[in-house]
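**Q** Before anything else, here's the structure in question.
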Amino acid sequence: MSFVPERIVAEKAGIDIPVVYVPFKDGTWKVNPKVANYAEGTSFVNEKDGNVGLFGHALPNAFLNIKKLSAGDSVAIYGKNYKALYEVVTSDKVLPNSVEVFFPEEEP
């Protein structure tokens with residue numbers, strides 16, 4: 001069952017924050033502080049195609065410690081009565097204006 005993300009938890013990185021929906025406006029998405037942002041127009045969690053666009057500031061109350069995650073670590077995404085568990089495979093740094101990372105791909 002696909003669902004809209006409402007919370008993201010990455011225990012190894014000490015991340016446990018709510019997810020808020022962010023509309024696409026003027027070619028980008030606003031970055032709200034102290035939360036994970038879910039990019040309008042990206043895939044729902046558990047869809048077979050595309051990317052789930054979650055992003056946030058590199059601040060202590062958001063994604064600062066995401067860099068502590070490495071291959072094999074788990075990230076849980078929660079929605080109403082649903083949970084999806086993801087495994088980190090690789091990581092990359094991207095510039096804040098690199099919105100193409102959210103564009104659909106053949107593999108989820």
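The chains in the structure tokens are called A, B, ... from first to last as shown; in each chain the residues are counted from 1, and the ligands are counted from 1 in the order shown.
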Any idea what's packed within 6 Å of Phe44 of chain A, counting only C-alpha atoms, ignoring anything in its chain fewer than 2 positions away? Could you give it as a PyMOL selection string?
**A** chain A and resi 2-4+47+52
**Q** Find the spatial neighbours of Asn46 of chain A, counting only C-alpha atoms, within a cut-off of 12 Å - ignore same-chain residues fewer than 2 positions away - and output them as a PDB file with C-alpha atoms, in the first residue's frame.
**A**
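As written to disk, selection-v9.pdb reads:
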ATOM      1  CA  MET A   1       0.000   0.000   0.000  1.00  0.00           C
ATOM      2  CA  SER A   2       1.448   3.382  -0.952  1.00  0.00           C
ATOM      3  CA  PHE A   3       1.142   6.266   1.495  1.00  0.00           C
ATOM      4  CA  VAL A   4       2.128   9.856   2.238  1.00  0.00           C
ATOM      5  CA  PRO A   5       5.079  10.078   4.657  1.00  0.00           C
ATOM      6  CA  THR A  42       7.355  12.997  -6.048  1.00  0.00           C
ATOM      7  CA  SER A  43       6.281   9.418  -5.403  1.00  0.00           C
ATOM      8  CA  PHE A  44       4.357   8.162  -2.411  1.00  0.00           C
ATOM      9  CA  LYS A  48       6.736   0.831  -7.566  1.00  0.00           C
ATOM     10  CA  ASP A  49       8.190   3.678  -9.652  1.00  0.00           C
ATOM     11  CA  GLY A  50       9.872   6.989  -8.918  1.00  0.00           C
ATOM     12  CA  ASN A  51      11.540   8.647  -5.955  1.00  0.00           C
ATOM     13  CA  VAL A  52      10.114   9.760  -2.620  1.00  0.00           C
ATOM     14  CA  ALA A  76      11.887   4.003   8.638  1.00  0.00           C
ATOM     15  CA  ILE A  77       9.159   6.099   7.074  1.00  0.00           C
ATOM     16  CA  TYR A  78       5.772   6.227   8.795  1.00  0.00           C
ATOM     17  CA  GLY A  79       2.329   7.239   7.553  1.00  0.00           C
ATOM     18  CA  TYR A  82       1.797   2.242   7.711  1.00  0.00           C
ATOM     19  CA  LYS A  83       5.544   1.787   8.000  1.00  0.00           C
ATOM     20  CA  ALA A  84       8.132   1.306   5.266  1.00  0.00           C
ATOM     21  CA  LEU A  85      11.673   0.261   6.054  1.00  0.00           C
ATOM     22  CA  TYR A  86      14.461   1.370   3.720  1.00  0.00           C
ATOM     23  CA  GLU A 107      13.736   1.904 -10.239  1.00  0.00           C
ATOM     24  CA  PRO A 108      12.212   3.130  -6.934  1.00  0.00           C
TER      25      PRO A 108
END
**Q** Just the residues within 12 Å of Lys93 of chain A, please, counting only C-alpha atoms, with nothing from its chain fewer than 6 positions along; format it as an mmCIF file with N, CA and C atoms, in the first residue's frame.
**A**
data_model
loop_
_atom_site.group_PDB
_atom_site.id
_atom_site.type_symbol
_atom_site.label_atom_id
_atom_site.label_comp_id
_atom_site.auth_asym_id
_atom_site.auth_seq_id
_atom_site.Cartn_x
_atom_site.Cartn_y
_atom_site.Cartn_z
ATOM 1 N N ALA A 58 20.540 20.816 7.057
ATOM 2 C CA ALA A 58 21.617 20.127 7.771
ATOM 3 C C ALA A 58 21.824 20.834 9.106
ATOM 4 N N ILE A 66 22.576 12.971 9.283
ATOM 5 C CA ILE A 66 22.314 11.984 8.238
ATOM 6 C C ILE A 66 23.621 11.434 7.657
ATOM 7 N N LYS A 67 24.674 12.232 7.754
ATOM 8 C CA LYS A 67 25.978 11.793 7.246
ATOM 9 C C LYS A 67 26.549 10.624 8.052
ATOM 10 N N VAL A 101 17.327 15.337 -8.552
ATOM 11 C CA VAL A 101 17.422 14.084 -7.788
ATOM 12 C C VAL A 101 16.054 13.541 -7.439
#
**Q** For the structure I just gave you, how does DSSP split chain A - specifically, which residues are strand (DSSP E)? Reply as an mmCIF file with N, CA and C atoms, in the first residue's frame.
**A**
data_model
loop_
_atom_site.group_PDB
_atom_site.id
_atom_site.type_symbol
_atom_site.label_atom_id
_atom_site.label_comp_id
_atom_site.auth_asym_id
_atom_site.auth_seq_id
_atom_site.Cartn_x
_atom_site.Cartn_y
_atom_site.Cartn_z
ATOM 1 N N ARG A 7 6.415 10.802 9.117
ATOM 2 C CA ARG A 7 7.522 10.811 10.085
ATOM 3 C C ARG A 7 8.662 10.001 9.500
ATOM 4 N N ILE A 8 9.898 10.427 9.778
ATOM 5 C CA ILE A 8 11.082 9.688 9.345
ATOM 6 C C ILE A 8 11.953 9.429 10.574
ATOM 7 N N VAL A 9 12.432 8.193 10.671
ATOM 8 C CA VAL A 9 13.269 7.796 11.800
ATOM 9 C C VAL A 9 14.502 7.062 11.260
ATOM 10 N N ALA A 10 15.663 7.575 11.624
ATOM 11 C CA ALA A 10 16.935 6.925 11.316
ATOM 12 C C ALA A 10 17.686 6.850 12.650
ATOM 13 N N ILE A 15 17.834 10.637 14.157
ATOM 14 C CA ILE A 15 16.797 11.400 13.457
ATOM 15 C C ILE A 15 15.437 10.785 13.752
ATOM 16 N N ASP A 16 14.541 11.597 14.260
ATOM 17 C CA ASP A 16 13.145 11.215 14.497
ATOM 18 C C ASP A 16 12.341 12.508 14.417
ATOM 19 N N ILE A 17 11.886 12.831 13.203
ATOM 20 C CA ILE A 17 11.235 14.120 12.968
ATOM 21 C C ILE A 17 9.979 13.937 12.101
ATOM 22 N N PRO A 18 9.040 14.881 12.247
ATOM 23 C CA PRO A 18 7.850 14.830 11.398
ATOM 24 C C PRO A 18 8.182 15.210 9.960
ATOM 25 N N VAL A 19 7.304 14.796 9.063
ATOM 26 C CA VAL A 19 7.420 15.134 7.645
ATOM 27 C C VAL A 19 6.253 16.044 7.291
ATOM 28 N N VAL A 20 6.547 17.155 6.598
ATOM 29 C CA VAL A 20 5.496 18.064 6.147
ATOM 30 C C VAL A 20 5.481 18.129 4.623
ATOM 31 N N TYR A 21 4.305 18.281 4.069
ATOM 32 C CA TYR A 21 4.099 18.376 2.622
ATOM 33 C C TYR A 21 4.505 19.768 2.138
ATOM 34 N N VAL A 22 5.279 19.828 1.053
ATOM 35 C CA VAL A 22 5.739 21.107 0.515
ATOM 36 C C VAL A 22 5.370 21.200 -0.971
ATOM 37 N N PHE A 24 5.356 22.431 -4.874
ATOM 38 C CA PHE A 24 6.359 22.857 -5.854
ATOM 39 C C PHE A 24 5.975 24.251 -6.326
ATOM 40 N N LYS A 25 6.883 25.221 -6.164
ATOM 41 C CA LYS A 25 6.563 26.606 -6.509
ATOM 42 C C LYS A 25 7.804 27.288 -7.080
ATOM 43 N N THR A 28 10.957 25.035 -7.563
ATOM 44 C CA THR A 28 11.635 24.386 -6.431
ATOM 45 C C THR A 28 10.657 24.146 -5.284
ATOM 46 N N TRP A 29 11.163 23.629 -4.180
ATOM 47 C CA TRP A 29 10.373 23.418 -2.982
ATOM 48 C C TRP A 29 10.994 24.217 -1.842
ATOM 49 N N ALA A 36 11.343 17.145 8.241
ATOM 50 C CA ALA A 36 11.666 16.630 6.919
ATOM 51 C C ALA A 36 10.579 17.155 5.992
ATOM 52 N N ASN A 37 10.944 17.549 4.812
ATOM 53 C CA ASN A 37 10.007 18.091 3.840
ATOM 54 C C ASN A 37 9.733 17.046 2.768
ATOM 55 N N TYR A 38 8.455 16.876 2.424
ATOM 56 C CA TYR A 38 8.047 15.925 1.391
ATOM 57 C C TYR A 38 7.680 16.723 0.146
ATOM 58 N N ALA A 39 8.411 16.513 -0.929
ATOM 59 C CA ALA A 39 8.272 17.292 -2.158
ATOM 60 C C ALA A 39 7.039 16.890 -2.970
ATOM 61 N N LEU A 54 12.229 13.428 0.025
ATOM 62 C CA LEU A 54 12.317 13.923 1.396
ATOM 63 C C LEU A 54 13.622 14.689 1.553
ATOM 64 N N PHE A 55 13.546 15.869 2.146
ATOM 65 C CA PHE A 55 14.734 16.700 2.287
ATOM 66 C C PHE A 55 14.595 17.602 3.509
ATOM 67 N N SER A 74 19.354 1.367 8.472
ATOM 68 C CA SER A 74 17.920 1.427 8.212
ATOM 69 C C SER A 74 17.353 2.818 8.413
ATOM 70 N N VAL A 75 16.348 3.125 7.597
ATOM 71 C CA VAL A 75 15.574 4.355 7.730
ATOM 72 C C VAL A 75 14.104 3.947 7.631
ATOM 73 N N ALA A 76 13.313 4.327 8.628
ATOM 74 C CA ALA A 76 11.887 4.003 8.638
ATOM 75 C C ALA A 76 11.077 5.244 8.289
ATOM 76 N N ILE A 77 10.084 5.033 7.449
ATOM 77 C CA ILE A 77 9.159 6.099 7.074
ATOM 78 C C ILE A 77 7.773 5.656 7.538
ATOM 79 N N TYR A 78 7.092 6.538 8.260
ATOM 80 C CA TYR A 78 5.772 6.227 8.795
ATOM 81 C C TYR A 78 4.710 7.109 8.151
ATOM 82 N N GLY A 79 3.520 6.526 8.002
ATOM 83 C CA GLY A 79 2.329 7.239 7.553
ATOM 84 C C GLY A 79 1.159 6.693 8.350
ATOM 85 N N TYR A 82 0.853 2.922 8.595
ATOM 86 C CA TYR A 82 1.797 2.242 7.711
ATOM 87 C C TYR A 82 3.229 2.542 8.125
ATOM 88 N N LYS A 83 4.115 1.608 7.773
ATOM 89 C CA LYS A 83 5.544 1.787 8.000
ATOM 90 C C LYS A 83 6.277 1.152 6.825
ATOM 91 N N ALA A 84 7.268 1.852 6.312
ATOM 92 C CA ALA A 84 8.132 1.306 5.266
ATOM 93 C C ALA A 84 9.558 1.384 5.780
ATOM 94 N N LEU A 85 10.292 0.315 5.598
ATOM 95 C CA LEU A 85 11.673 0.261 6.054
ATOM 96 C C LEU A 85 12.589 0.266 4.839
ATOM 97 N N TYR A 86 13.495 1.230 4.808
ATOM 98 C CA TYR A 86 14.461 1.370 3.720
ATOM 99 C C TYR A 86 15.846 1.032 4.234
ATOM 100 N N GLU A 87 16.708 0.588 3.336
ATOM 101 C CA GLU A 87 18.102 0.316 3.676
ATOM 102 C C GLU A 87 18.984 1.249 2.862
#
**Q** Do you have the atom CA of Lys30 of chain A-atom CA of Glu11 of chain A distance handy?
**A**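 If I compute the distance from atom CA of Lys30 of chain A to atom CA of Glu11 of chain A, I get 25.7 Å.
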**Q** Nearest to Thr90 of chain A among A:Asp73, A:Asp26, A:Glu40, A:Glu6, with distances taken over only C-alpha atoms: which residue is it?
**A** A:Asp73
